[in-house]
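> Pasting a structure below so you can have a look.
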Amino acid sequence: MYKNTERRELMIKISIVGITGYSGLELFRLLYAHPEADLVKICATTHIGEKFDEVFPQFTGLSKLTITAFDADEIMAESDVVFFATSATVSSRLALPFINANFPVIDLSGDFRLKAPSVYEKWYKNTPVKSEYLLKAQYNLADLSQATEKYIANPGCYATATLLALAPLVQQHLIDLDSIIVDAKSGLSGAGKKLTDSSHFVNVSDNMSMYKINAHQHIPEIAQQLKLWNPDFQALQFSTSLIPVTRGIFASCYAKVTENVTIEHIKTAYQQFYADKFFVRIRRELPQLKDVAGTNFCDIGFAYNPTTHILTVVSVIDNLVKGAAGQAVQNFNQLFGLDEKTGLLAAPMI
């Protein structure tokens, strides 16, 4: 039996724009198993008019939906909320009718994350939307705040892993703010479906490469949030690398602790800060990517060098779940008054 054939009246009707990308497919996977979600419309720029489970046969028997072209009016007439699983520069063109109509949107792209138009233009090389629209969007790191606005800007994958790793340290003044260095590595799905030389199997397999050094578009997003947490913050050193795995962000964060701070202070700070955060797990040992594969968890571990006074914090997430679709569903749950864990309790993949 198809899951969607017998539904209660109160199911929340959902549309996904960008269904054919990795994040769009991950959204489908999560929302299909969500007890309060009714997927009613899926949109893309390719395969229009084709059956979803014929284009993606791994979903055979799970959906009767047909991929359609984007139409804002149709989405608002048929749905209660829309997810934009699109690349940057797309939602900035397509989302304005929803904002004008005060219609709920959860946007996985970077188009509405940055509050300063000039910063967006610099890092995304694209014309930003007007400030009046940016101000209506809420950047919501779901584990540390509550989704309340109709337009939710879902955080990026690198930003999620980095900010969750640094939040207790920056908010509680436990580190020298000018000493932050982040070395973050991503699985190949983080680069999207479009094939490039850097994402070609021959170049990625048995290899590791650094890319967008000092130029990744998540840098200003991270800096914007750290500045809100601690106005004394100015900048961080941030590097990104591709590693030959399908899923995962492995963020290694380094900083010098402030005077008289010990490893016991650090442990207590993390344990108390995340005591009631179900999806953030503080580990006794350093975590690894497999610990969170397929889940909405962020696992954090740390080590301290008493000679150099350097703290190492390792943060791991699944870039497609916690770093994209999973956090988007978490934000959806918050926005619609559901338990934020609903539909997100999958155990790690072996």
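We label chains A, B, ... in the order they appear in the structure tokens, count residues from 1 in each chain, and number ligands from 1 in the order shown.
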Each residue of region 93-209 of chain A with at least one atom at most 12 Å from region 326-334 of chain A should appear once, together with its nearest atom pair and the corresponding distance in Å (one decimal); atoms considered: only C-alpha atoms; ordering: chain, then increasing residue number; output as CSV.

```
residue,atom,partner,partner_atom,distance
A:Pro104,CA,A:Phe332,CA,9.3
A:Val105,CA,A:Phe332,CA,9.0
A:Ile106,CA,A:Ala328,CA,6.6
A:Asp107,CA,A:Ala328,CA,7.9
A:Leu108,CA,A:Ala328,CA,7.0
A:Ser109,CA,A:Ala328,CA,10.8
A:Gln138,CA,A:Asn331,CA,10.7
A:Tyr139,CA,A:Asn331,CA,10.3
A:Asn140,CA,A:Asn331,CA,7.5
A:Leu141,CA,A:Gln327,CA,8.1
A:Ala142,CA,A:Asn331,CA,5.9
A:Asp143,CA,A:Gln330,CA,8.7
A:Leu144,CA,A:Asn331,CA,11.1
A:Ser145,CA,A:Asn331,CA,9.6
A:Gln146,CA,A:Gln334,CA,6.5
A:Ala147,CA,A:Gln334,CA,5.6
A:Thr148,CA,A:Gln334,CA,7.7
A:Glu149,CA,A:Gln334,CA,10.4
A:Lys150,CA,A:Phe332,CA,10.2
A:Tyr151,CA,A:Asn331,CA,10.5
A:Ile152,CA,A:Asn331,CA,7.6
A:Ala153,CA,A:Ala328,CA,8.9
A:Asn154,CA,A:Ala328,CA,6.1
A:Pro155,CA,A:Gln327,CA,8.1
A:Gly156,CA,A:Gln327,CA,9.7
A:Cys157,CA,A:Gln327,CA,9.5
A:Thr160,CA,A:Gln327,CA,9.2
A:Ala161,CA,A:Gln327,CA,11.6
```
> Write out as a PDB file with all heavy atoms, in the first residue's frame the residues lying within 7 Å of region 216-227 of chain A, counting only C-alpha atoms and excluding same-chain residues fewer than 3 positions away.

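Done, and the output landed in selection.pdb:
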```pdb
ATOM      1  N   ARG A 113      20.217  33.676   4.060  1.00  0.00           N
ATOM      2  CA  ARG A 113      20.917  33.497   5.332  1.00  0.00           C
ATOM      3  C   ARG A 113      21.639  34.749   5.788  1.00  0.00           C
ATOM      4  O   ARG A 113      21.755  35.001   6.993  1.00  0.00           O
ATOM      5  CB  ARG A 113      21.943  32.351   5.204  1.00  0.00           C
ATOM      6  CG  ARG A 113      21.331  30.985   4.985  1.00  0.00           C
ATOM      7  CD  ARG A 113      22.417  29.956   4.713  1.00  0.00           C
ATOM      8  NE  ARG A 113      21.867  28.658   4.350  1.00  0.00           N
ATOM      9  CZ  ARG A 113      22.532  27.726   3.684  1.00  0.00           C
ATOM     10  NH1 ARG A 113      23.788  27.953   3.322  1.00  0.00           N
ATOM     11  NH2 ARG A 113      21.956  26.582   3.393  1.00  0.00           N
ATOM     12  N   LEU A 114      22.160  35.518   4.876  1.00  0.00           N
ATOM     13  CA  LEU A 114      22.975  36.683   5.218  1.00  0.00           C
ATOM     14  C   LEU A 114      22.114  37.941   5.244  1.00  0.00           C
ATOM     15  O   LEU A 114      21.332  38.185   4.332  1.00  0.00           O
ATOM     16  CB  LEU A 114      24.116  36.840   4.215  1.00  0.00           C
ATOM     17  CG  LEU A 114      25.064  35.636   4.123  1.00  0.00           C
ATOM     18  CD1 LEU A 114      26.079  35.829   3.000  1.00  0.00           C
ATOM     19  CD2 LEU A 114      25.774  35.405   5.451  1.00  0.00           C
ATOM     20  N   TRP A 123      30.057  37.155  -1.587  1.00  0.00           N
ATOM     21  CA  TRP A 123      30.376  35.743  -1.404  1.00  0.00           C
ATOM     22  C   TRP A 123      29.639  34.824  -2.374  1.00  0.00           C
ATOM     23  O   TRP A 123      30.140  33.746  -2.701  1.00  0.00           O
ATOM     24  CB  TRP A 123      30.093  35.327   0.032  1.00  0.00           C
ATOM     25  CG  TRP A 123      31.059  35.917   1.003  1.00  0.00           C
ATOM     26  CD1 TRP A 123      30.985  37.135   1.610  1.00  0.00           C
ATOM     27  CD2 TRP A 123      32.288  35.335   1.454  1.00  0.00           C
ATOM     28  NE1 TRP A 123      32.071  37.354   2.413  1.00  0.00           N
ATOM     29  CE2 TRP A 123      32.890  36.260   2.348  1.00  0.00           C
ATOM     30  CE3 TRP A 123      32.932  34.122   1.204  1.00  0.00           C
ATOM     31  CZ2 TRP A 123      34.097  36.006   2.982  1.00  0.00           C
ATOM     32  CZ3 TRP A 123      34.143  33.873   1.847  1.00  0.00           C
ATOM     33  CH2 TRP A 123      34.708  34.807   2.713  1.00  0.00           C
ATOM     34  N   TYR A 124      28.457  35.231  -2.822  1.00  0.00           N
ATOM     35  CA  TYR A 124      27.675  34.388  -3.732  1.00  0.00           C
ATOM     36  C   TYR A 124      27.729  34.863  -5.180  1.00  0.00           C
ATOM     37  O   TYR A 124      27.192  34.185  -6.068  1.00  0.00           O
ATOM     38  CB  TYR A 124      26.221  34.320  -3.261  1.00  0.00           C
ATOM     39  CG  TYR A 124      26.007  33.398  -2.085  1.00  0.00           C
ATOM     40  CD1 TYR A 124      26.179  33.854  -0.777  1.00  0.00           C
ATOM     41  CD2 TYR A 124      25.658  32.060  -2.268  1.00  0.00           C
ATOM     42  CE1 TYR A 124      25.999  33.011   0.305  1.00  0.00           C
ATOM     43  CE2 TYR A 124      25.474  31.211  -1.181  1.00  0.00           C
ATOM     44  CZ  TYR A 124      25.647  31.693   0.101  1.00  0.00           C
ATOM     45  OH  TYR A 124      25.461  30.843   1.176  1.00  0.00           O
ATOM     46  N   GLY A 156      23.632  26.271   6.486  1.00  0.00           N
ATOM     47  CA  GLY A 156      24.434  25.413   5.629  1.00  0.00           C
ATOM     48  C   GLY A 156      25.101  24.294   6.411  1.00  0.00           C
ATOM     49  O   GLY A 156      25.165  24.316   7.642  1.00  0.00           O
ATOM     50  N   TYR A 158      28.408  23.147   6.471  1.00  0.00           N
ATOM     51  CA  TYR A 158      29.635  23.522   7.177  1.00  0.00           C
ATOM     52  C   TYR A 158      29.320  24.417   8.367  1.00  0.00           C
ATOM     53  O   TYR A 158      29.921  24.303   9.442  1.00  0.00           O
ATOM     54  CB  TYR A 158      30.595  24.255   6.237  1.00  0.00           C
ATOM     55  CG  TYR A 158      31.390  23.381   5.312  1.00  0.00           C
ATOM     56  CD1 TYR A 158      31.322  23.549   3.932  1.00  0.00           C
ATOM     57  CD2 TYR A 158      32.240  22.384   5.798  1.00  0.00           C
ATOM     58  CE1 TYR A 158      32.069  22.760   3.064  1.00  0.00           C
ATOM     59  CE2 TYR A 158      32.992  21.602   4.945  1.00  0.00           C
ATOM     60  CZ  TYR A 158      32.901  21.786   3.568  1.00  0.00           C
ATOM     61  OH  TYR A 158      33.639  21.006   2.717  1.00  0.00           O
ATOM     62  N   ALA A 159      28.382  25.334   8.172  1.00  0.00           N
ATOM     63  CA  ALA A 159      28.022  26.261   9.236  1.00  0.00           C
ATOM     64  C   ALA A 159      27.415  25.528  10.424  1.00  0.00           C
ATOM     65  O   ALA A 159      27.728  25.832  11.589  1.00  0.00           O
ATOM     66  CB  ALA A 159      27.050  27.314   8.709  1.00  0.00           C
ATOM     67  N   LEU A 163      29.278  25.861  13.913  1.00  0.00           N
ATOM     68  CA  LEU A 163      28.619  26.666  14.949  1.00  0.00           C
ATOM     69  C   LEU A 163      28.264  25.835  16.171  1.00  0.00           C
ATOM     70  O   LEU A 163      28.410  26.294  17.313  1.00  0.00           O
ATOM     71  CB  LEU A 163      27.376  27.337  14.371  1.00  0.00           C
ATOM     72  CG  LEU A 163      27.647  28.447  13.357  1.00  0.00           C
ATOM     73  CD1 LEU A 163      26.357  28.892  12.683  1.00  0.00           C
ATOM     74  CD2 LEU A 163      28.340  29.639  14.016  1.00  0.00           C
ATOM     75  N   LYS A 212      38.144  26.151  -2.408  1.00  0.00           N
ATOM     76  CA  LYS A 212      37.581  27.419  -1.918  1.00  0.00           C
ATOM     77  C   LYS A 212      38.275  27.896  -0.638  1.00  0.00           C
ATOM     78  O   LYS A 212      37.629  28.366   0.296  1.00  0.00           O
ATOM     79  CB  LYS A 212      36.073  27.289  -1.675  1.00  0.00           C
ATOM     80  CG  LYS A 212      35.251  27.143  -2.940  1.00  0.00           C
ATOM     81  CD  LYS A 212      33.750  27.178  -2.633  1.00  0.00           C
ATOM     82  CE  LYS A 212      32.930  27.089  -3.907  1.00  0.00           C
ATOM     83  NZ  LYS A 212      31.469  27.111  -3.631  1.00  0.00           N
ATOM     84  N   ILE A 213      39.600  27.794  -0.610  1.00  0.00           N
ATOM     85  CA  ILE A 213      40.333  28.201   0.581  1.00  0.00           C
ATOM     86  C   ILE A 213      40.103  29.695   0.832  1.00  0.00           C
ATOM     87  O   ILE A 213      40.282  30.527  -0.063  1.00  0.00           O
ATOM     88  CB  ILE A 213      41.851  27.882   0.436  1.00  0.00           C
ATOM     89  CG1 ILE A 213      42.593  28.272   1.710  1.00  0.00           C
ATOM     90  CG2 ILE A 213      42.440  28.528  -0.807  1.00  0.00           C
ATOM     91  CD1 ILE A 213      42.276  27.413   2.891  1.00  0.00           C
ATOM     92  N   ASN A 230      28.862  36.819  20.274  1.00  0.00           N
ATOM     93  CA  ASN A 230      29.898  37.558  20.998  1.00  0.00           C
ATOM     94  C   ASN A 230      30.360  38.727  20.118  1.00  0.00           C
ATOM     95  O   ASN A 230      31.093  38.512  19.145  1.00  0.00           O
ATOM     96  CB  ASN A 230      31.070  36.636  21.340  1.00  0.00           C
ATOM     97  CG  ASN A 230      32.050  37.275  22.284  1.00  0.00           C
ATOM     98  OD1 ASN A 230      32.278  38.481  22.238  1.00  0.00           O
ATOM     99  ND2 ASN A 230      32.651  36.474  23.157  1.00  0.00           N
ATOM    100  N   PRO A 231      29.930  39.939  20.425  1.00  0.00           N
ATOM    101  CA  PRO A 231      30.253  41.095  19.582  1.00  0.00           C
ATOM    102  C   PRO A 231      31.745  41.352  19.404  1.00  0.00           C
ATOM    103  O   PRO A 231      32.145  42.080  18.480  1.00  0.00           O
ATOM    104  CB  PRO A 231      29.586  42.268  20.317  1.00  0.00           C
ATOM    105  CG  PRO A 231      28.499  41.633  21.120  1.00  0.00           C
ATOM    106  CD  PRO A 231      29.043  40.302  21.537  1.00  0.00           C
ATOM    107  N   ASP A 232      32.578  40.761  20.268  1.00  0.00           N
ATOM    108  CA  ASP A 232      34.023  40.954  20.141  1.00  0.00           C
ATOM    109  C   ASP A 232      34.634  40.098  19.030  1.00  0.00           C
ATOM    110  O   ASP A 232      35.792  40.308  18.652  1.00  0.00           O
ATOM    111  CB  ASP A 232      34.716  40.625  21.462  1.00  0.00           C
ATOM    112  CG  ASP A 232      34.370  41.615  22.560  1.00  0.00           C
ATOM    113  OD1 ASP A 232      34.102  42.785  22.232  1.00  0.00           O
ATOM    114  OD2 ASP A 232      34.349  41.213  23.737  1.00  0.00           O
ATOM    115  N   PHE A 233      33.876  39.137  18.522  1.00  0.00           N
ATOM    116  CA  PHE A 233      34.409  38.287  17.459  1.00  0.00           C
ATOM    117  C   PHE A 233      34.638  39.110  16.194  1.00  0.00           C
ATOM    118  O   PHE A 233      33.807  39.941  15.812  1.00  0.00           O
ATOM    119  CB  PHE A 233      33.435  37.134  17.159  1.00  0.00           C
ATOM    120  CG  PHE A 233      33.803  36.364  15.923  1.00  0.00           C
ATOM    121  CD1 PHE A 233      34.781  35.384  15.974  1.00  0.00           C
ATOM    122  CD2 PHE A 233      33.201  36.654  14.706  1.00  0.00           C
ATOM    123  CE1 PHE A 233      35.134  34.683  14.823  1.00  0.00           C
ATOM    124  CE2 PHE A 233      33.542  35.953  13.553  1.00  0.00           C
ATOM    125  CZ  PHE A 233      34.514  34.971  13.620  1.00  0.00           C
ATOM    126  N   ALA A 235      36.945  37.535  13.167  1.00  0.00           N
ATOM    127  CA  ALA A 235      37.149  36.673  11.999  1.00  0.00           C
ATOM    128  C   ALA A 235      37.704  35.331  12.445  1.00  0.00           C
ATOM    129  O   ALA A 235      38.194  35.178  13.573  1.00  0.00           O
ATOM    130  CB  ALA A 235      38.102  37.339  11.008  1.00  0.00           C
TER     131      ALA A 235
END
```
> DSSP on the backbone: which residues in region 208-294 of chain A end up as strand (DSSP E or B)? Give the answer as a PDB file with N, CA and C atoms, in the first residue's frame.

```pdb
ATOM      1  N   SER A 209      41.319  16.769  -1.542  1.00  0.00           N
ATOM      2  CA  SER A 209      41.708  18.049  -2.137  1.00  0.00           C
ATOM      3  C   SER A 209      41.062  19.195  -1.372  1.00  0.00           C
ATOM      4  N   MET A 210      41.802  20.264  -1.189  1.00  0.00           N
ATOM      5  CA  MET A 210      41.277  21.469  -0.564  1.00  0.00           C
ATOM      6  C   MET A 210      40.683  22.360  -1.649  1.00  0.00           C
ATOM      7  N   TYR A 211      39.584  23.015  -1.325  1.00  0.00           N
ATOM      8  CA  TYR A 211      38.937  23.871  -2.312  1.00  0.00           C
ATOM      9  C   TYR A 211      38.379  25.122  -1.630  1.00  0.00           C
ATOM     10  N   GLN A 237      39.843  31.634  10.709  1.00  0.00           N
ATOM     11  CA  GLN A 237      40.492  30.976   9.582  1.00  0.00           C
ATOM     12  C   GLN A 237      39.700  29.717   9.272  1.00  0.00           C
ATOM     13  N   PHE A 238      39.284  29.551   8.010  1.00  0.00           N
ATOM     14  CA  PHE A 238      38.366  28.461   7.658  1.00  0.00           C
ATOM     15  C   PHE A 238      38.789  27.831   6.338  1.00  0.00           C
ATOM     16  N   SER A 239      39.022  26.529   6.357  1.00  0.00           N
ATOM     17  CA  SER A 239      39.377  25.812   5.122  1.00  0.00           C
ATOM     18  C   SER A 239      38.432  24.642   4.910  1.00  0.00           C
ATOM     19  N   THR A 240      38.235  24.288   3.656  1.00  0.00           N
ATOM     20  CA  THR A 240      37.320  23.206   3.287  1.00  0.00           C
ATOM     21  C   THR A 240      38.014  22.236   2.337  1.00  0.00           C
ATOM     22  N   SER A 241      37.733  20.950   2.526  1.00  0.00           N
ATOM     23  CA  SER A 241      38.333  19.910   1.687  1.00  0.00           C
ATOM     24  C   SER A 241      37.283  18.880   1.298  1.00  0.00           C
ATOM     25  N   LEU A 242      37.488  18.260   0.150  1.00  0.00           N
ATOM     26  CA  LEU A 242      36.657  17.137  -0.291  1.00  0.00           C
ATOM     27  C   LEU A 242      37.373  15.838   0.054  1.00  0.00           C
ATOM     28  N   ILE A 249      30.193  15.666   7.181  1.00  0.00           N
ATOM     29  CA  ILE A 249      31.057  16.826   7.436  1.00  0.00           C
ATOM     30  C   ILE A 249      31.885  16.485   8.664  1.00  0.00           C
ATOM     31  N   PHE A 250      33.183  16.623   8.555  1.00  0.00           N
ATOM     32  CA  PHE A 250      34.107  16.404   9.669  1.00  0.00           C
ATOM     33  C   PHE A 250      34.810  17.732   9.907  1.00  0.00           C
ATOM     34  N   ALA A 251      34.381  18.451  10.951  1.00  0.00           N
ATOM     35  CA  ALA A 251      34.941  19.769  11.235  1.00  0.00           C
ATOM     36  C   ALA A 251      35.896  19.688  12.421  1.00  0.00           C
ATOM     37  N   SER A 252      37.153  19.995  12.176  1.00  0.00           N
ATOM     38  CA  SER A 252      38.162  20.068  13.234  1.00  0.00           C
ATOM     39  C   SER A 252      38.377  21.535  13.575  1.00  0.00           C
ATOM     40  N   CYS A 253      38.021  21.895  14.794  1.00  0.00           N
ATOM     41  CA  CYS A 253      38.086  23.295  15.216  1.00  0.00           C
ATOM     42  C   CYS A 253      39.165  23.449  16.285  1.00  0.00           C
ATOM     43  N   TYR A 254      39.995  24.472  16.137  1.00  0.00           N
ATOM     44  CA  TYR A 254      41.100  24.702  17.058  1.00  0.00           C
ATOM     45  C   TYR A 254      41.026  26.125  17.606  1.00  0.00           C
ATOM     46  N   ALA A 255      41.306  26.269  18.894  1.00  0.00           N
ATOM     47  CA  ALA A 255      41.334  27.601  19.497  1.00  0.00           C
ATOM     48  C   ALA A 255      42.155  27.550  20.779  1.00  0.00           C
ATOM     49  N   LYS A 256      42.737  28.676  21.154  1.00  0.00           N
ATOM     50  CA  LYS A 256      43.483  28.778  22.410  1.00  0.00           C
ATOM     51  C   LYS A 256      42.516  29.182  23.516  1.00  0.00           C
ATOM     52  N   VAL A 257      42.520  28.424  24.595  1.00  0.00           N
ATOM     53  CA  VAL A 257      41.609  28.735  25.698  1.00  0.00           C
ATOM     54  C   VAL A 257      42.092  29.968  26.449  1.00  0.00           C
ATOM     55  N   VAL A 280      22.212  16.894  19.727  1.00  0.00           N
ATOM     56  CA  VAL A 280      23.645  17.164  19.892  1.00  0.00           C
ATOM     57  C   VAL A 280      24.169  16.248  20.990  1.00  0.00           C
ATOM     58  N   ARG A 281      25.106  15.379  20.630  1.00  0.00           N
ATOM     59  CA  ARG A 281      25.637  14.395  21.574  1.00  0.00           C
ATOM     60  C   ARG A 281      27.103  14.705  21.873  1.00  0.00           C
ATOM     61  N   ILE A 282      27.382  14.937  23.152  1.00  0.00           N
ATOM     62  CA  ILE A 282      28.756  15.188  23.586  1.00  0.00           C
ATOM     63  C   ILE A 282      29.398  13.847  23.915  1.00  0.00           C
TER      64      ILE A 282
END
```
> I need the residues of region 220-334 of chain A that end up classed as helix (DSSP H, G or I) by DSSP on the backbone, written out as a PyMOL selection string.
chain A and resi 220-229+263-273+289-291+321-334
> How would the residues just chosen look if you wrote them out with N, CA, C and O atoms as a short mmCIF file (atom, residue, chain, number, x, y, z; two decimals), in the first residue's frame?

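New file selection.cif:
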```
data_model
loop_
_atom_site.label_atom_id
_atom_site.label_comp_id
_atom_site.auth_asym_id
_atom_site.auth_seq_id
_atom_site.Cartn_x
_atom_site.Cartn_y
_atom_site.Cartn_z
N PRO A 220 30.91 33.68 5.73
CA PRO A 220 30.21 34.84 6.30
C PRO A 220 29.00 34.45 7.14
O PRO A 220 28.63 35.18 8.07
N GLU A 221 28.39 33.34 6.81
CA GLU A 221 27.27 32.83 7.61
C GLU A 221 27.72 32.46 9.02
O GLU A 221 27.06 32.80 10.02
N ILE A 222 28.87 31.79 9.10
CA ILE A 222 29.44 31.43 10.40
C ILE A 222 29.83 32.69 11.17
O ILE A 222 29.51 32.84 12.36
N ALA A 223 30.50 33.59 10.49
CA ALA A 223 30.96 34.82 11.14
C ALA A 223 29.79 35.67 11.63
O ALA A 223 29.84 36.26 12.72
N GLN A 224 28.73 35.73 10.83
CA GLN A 224 27.55 36.50 11.22
C GLN A 224 26.96 36.00 12.54
O GLN A 224 26.61 36.79 13.42
N GLN A 225 26.88 34.67 12.69
CA GLN A 225 26.30 34.11 13.90
C GLN A 225 27.24 34.25 15.09
O GLN A 225 26.81 34.56 16.21
N LEU A 226 28.54 34.01 14.89
CA LEU A 226 29.50 34.16 15.98
C LEU A 226 29.51 35.59 16.50
O LEU A 226 29.65 35.83 17.71
N LYS A 227 29.36 36.55 15.60
CA LYS A 227 29.32 37.96 15.99
C LYS A 227 28.09 38.26 16.83
O LYS A 227 28.13 39.05 17.79
N LEU A 228 26.97 37.63 16.51
CA LEU A 228 25.76 37.81 17.32
C LEU A 228 25.95 37.22 18.71
O LEU A 228 25.46 37.79 19.70
N TRP A 229 26.64 36.10 18.79
CA TRP A 229 26.88 35.46 20.08
C TRP A 229 27.88 36.23 20.93
O TRP A 229 27.78 36.24 22.16
N ILE A 263 40.45 21.77 31.08
CA ILE A 263 39.64 20.81 30.33
C ILE A 263 38.37 20.47 31.10
O ILE A 263 37.31 20.19 30.50
N GLU A 264 38.41 20.51 32.42
CA GLU A 264 37.20 20.26 33.21
C GLU A 264 36.18 21.37 32.99
O GLU A 264 34.97 21.10 32.93
N HIS A 265 36.66 22.61 32.88
CA HIS A 265 35.75 23.72 32.56
C HIS A 265 35.08 23.47 31.22
O HIS A 265 33.87 23.69 31.06
N ILE A 266 35.87 23.01 30.26
CA ILE A 266 35.36 22.77 28.91
C ILE A 266 34.30 21.67 28.94
O ILE A 266 33.20 21.82 28.36
N LYS A 267 34.61 20.57 29.57
CA LYS A 267 33.66 19.46 29.64
C LYS A 267 32.35 19.89 30.27
O LYS A 267 31.25 19.58 29.75
N THR A 268 32.43 20.59 31.37
CA THR A 268 31.22 21.05 32.06
C THR A 268 30.42 22.00 31.18
O THR A 268 29.18 21.91 31.12
N ALA A 269 31.12 22.89 30.51
CA ALA A 269 30.43 23.86 29.66
C ALA A 269 29.63 23.17 28.55
O ALA A 269 28.46 23.50 28.32
N TYR A 270 30.23 22.20 27.88
CA TYR A 270 29.54 21.49 26.80
C TYR A 270 28.38 20.65 27.34
O TYR A 270 27.28 20.63 26.76
N GLN A 271 28.61 19.95 28.43
CA GLN A 271 27.57 19.09 28.98
C GLN A 271 26.36 19.90 29.42
O GLN A 271 25.21 19.50 29.20
N GLN A 272 26.59 21.04 30.04
CA GLN A 272 25.48 21.88 30.48
C GLN A 272 24.81 22.59 29.31
O GLN A 272 23.58 22.69 29.27
N PHE A 273 25.60 23.05 28.37
CA PHE A 273 25.06 23.80 27.23
C PHE A 273 24.12 22.94 26.40
O PHE A 273 23.08 23.41 25.92
N LEU A 289 32.72 9.94 11.31
CA LEU A 289 31.60 10.19 10.41
C LEU A 289 30.53 9.10 10.49
O LEU A 289 29.33 9.38 10.45
N LYS A 290 30.94 7.86 10.59
CA LYS A 290 29.98 6.75 10.61
C LYS A 290 29.04 6.83 11.81
O LYS A 290 27.95 6.24 11.79
N ASP A 291 29.44 7.54 12.85
CA ASP A 291 28.61 7.65 14.04
C ASP A 291 27.30 8.37 13.78
O ASP A 291 26.33 8.20 14.53
N VAL A 321 21.59 15.28 5.98
CA VAL A 321 20.54 15.24 6.99
C VAL A 321 20.69 16.44 7.91
O VAL A 321 20.06 17.47 7.71
N LYS A 322 21.55 16.36 8.92
CA LYS A 322 21.72 17.50 9.82
C LYS A 322 22.14 18.75 9.07
O LYS A 322 21.77 19.87 9.44
N GLY A 323 22.94 18.58 8.03
CA GLY A 323 23.43 19.73 7.28
C GLY A 323 22.49 20.25 6.22
O GLY A 323 22.79 21.25 5.56
N ALA A 324 21.32 19.62 6.06
CA ALA A 324 20.38 20.06 5.02
C ALA A 324 18.96 19.61 5.36
O ALA A 324 18.26 20.26 6.11
N ALA A 325 18.54 18.47 4.80
CA ALA A 325 17.13 18.06 4.89
C ALA A 325 16.67 17.77 6.31
O ALA A 325 15.54 18.09 6.68
N GLY A 326 17.51 17.14 7.12
CA GLY A 326 17.11 16.80 8.48
C GLY A 326 16.87 18.03 9.32
O GLY A 326 15.86 18.13 10.04
N GLN A 327 17.78 19.00 9.26
CA GLN A 327 17.57 20.23 10.01
C GLN A 327 16.37 21.00 9.48
O GLN A 327 15.65 21.65 10.23
N ALA A 328 16.14 20.90 8.16
CA ALA A 328 14.96 21.54 7.58
C ALA A 328 13.68 20.94 8.15
O ALA A 328 12.72 21.65 8.46
N VAL A 329 13.65 19.62 8.31
CA VAL A 329 12.48 18.97 8.91
C VAL A 329 12.37 19.34 10.39
O VAL A 329 11.27 19.55 10.91
N GLN A 330 13.49 19.44 11.07
CA GLN A 330 13.49 19.88 12.46
C GLN A 330 12.89 21.29 12.57
O GLN A 330 12.08 21.58 13.47
N ASN A 331 13.28 22.16 11.66
CA ASN A 331 12.70 23.51 11.63
C ASN A 331 11.22 23.47 11.29
O ASN A 331 10.42 24.23 11.85
N PHE A 332 10.84 22.60 10.38
CA PHE A 332 9.43 22.41 10.04
C PHE A 332 8.64 21.97 11.26
O PHE A 332 7.55 22.51 11.55
N ASN A 333 9.17 21.03 12.00
CA ASN A 333 8.50 20.56 13.22
C ASN A 333 8.30 21.70 14.21
O ASN A 333 7.22 21.86 14.81
N GLN A 334 9.33 22.50 14.41
CA GLN A 334 9.22 23.63 15.32
C GLN A 334 8.17 24.63 14.84
O GLN A 334 7.34 25.11 15.62
#
```
> Could you tell me which of A:Gln172, A:Ser79, A:Asn319, A:Ser118 comes closest to Ser131 (chain A) if we count only C-alpha atoms?
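For Ser131 (chain A), the nearest of the candidates is A:Ser118.
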> Per residue of region 80-109 of chain A within 10 Å of region 51-72 of chain A, which atom pair is closest and at what distance in Å (one decimal), using only C-alpha atoms, listed by chain and increasing number, as a Markdown table?

```
| residue | atom | partner | partner_atom | distance |
| --- | --- | --- | --- | --- |
| A:Val82 | CA | A:Ala72 | CA | 9.6 |
| A:Leu94 | CA | A:Ala72 | CA | 7.8 |
| A:Ala95 | CA | A:Ala72 | CA | 8.2 |
| A:Leu96 | CA | A:Ala72 | CA | 9.4 |
| A:Pro97 | CA | A:Ala72 | CA | 6.9 |
| A:Phe98 | CA | A:Ala72 | CA | 7.3 |
```
> Could you list, as a PyMOL selection string, every residue within 12 Å of region 36-38 of chain A, counting only C-alpha atoms and ignoring same-chain residues fewer than 4 positions away?
chain A and resi 2-16+27-32+42+63+65+78-82+329+332-333+336-343
> Go through A:Asp176, A:Glu121, A:Asp276, A:Glu132 and flag the residue nearest Glu259 (chain A), using only C-alpha atoms for the distances.
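Result for the nearest residue to Glu259 (chain A): A:Asp176.
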> CA of Arg283 (chain A) to CA of Leu169 (chain A): how many Å, to one decimal?
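These atoms are spaced 16.3 Å apart.
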> Give me, as a count of residues only, all polymer residues having an atom no more than 10 Å from Thr127 (chain A), counting only C-alpha atoms and skipping those fewer than 2 positions away in the same chain.
12
> Excluding Ala346 (chain A) and residues on its chain fewer than 2 positions from it, collect all residues at most 9 Å away from it, counting only C-alpha atoms, and give them as number ranges by chain.
A: 294-296, 343-344, 348-349
> Just how far from CA of Asn260 (chain A) is CA of Asn305 (chain A), in Å to one decimal?
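A separation of 13.7 Å between them.
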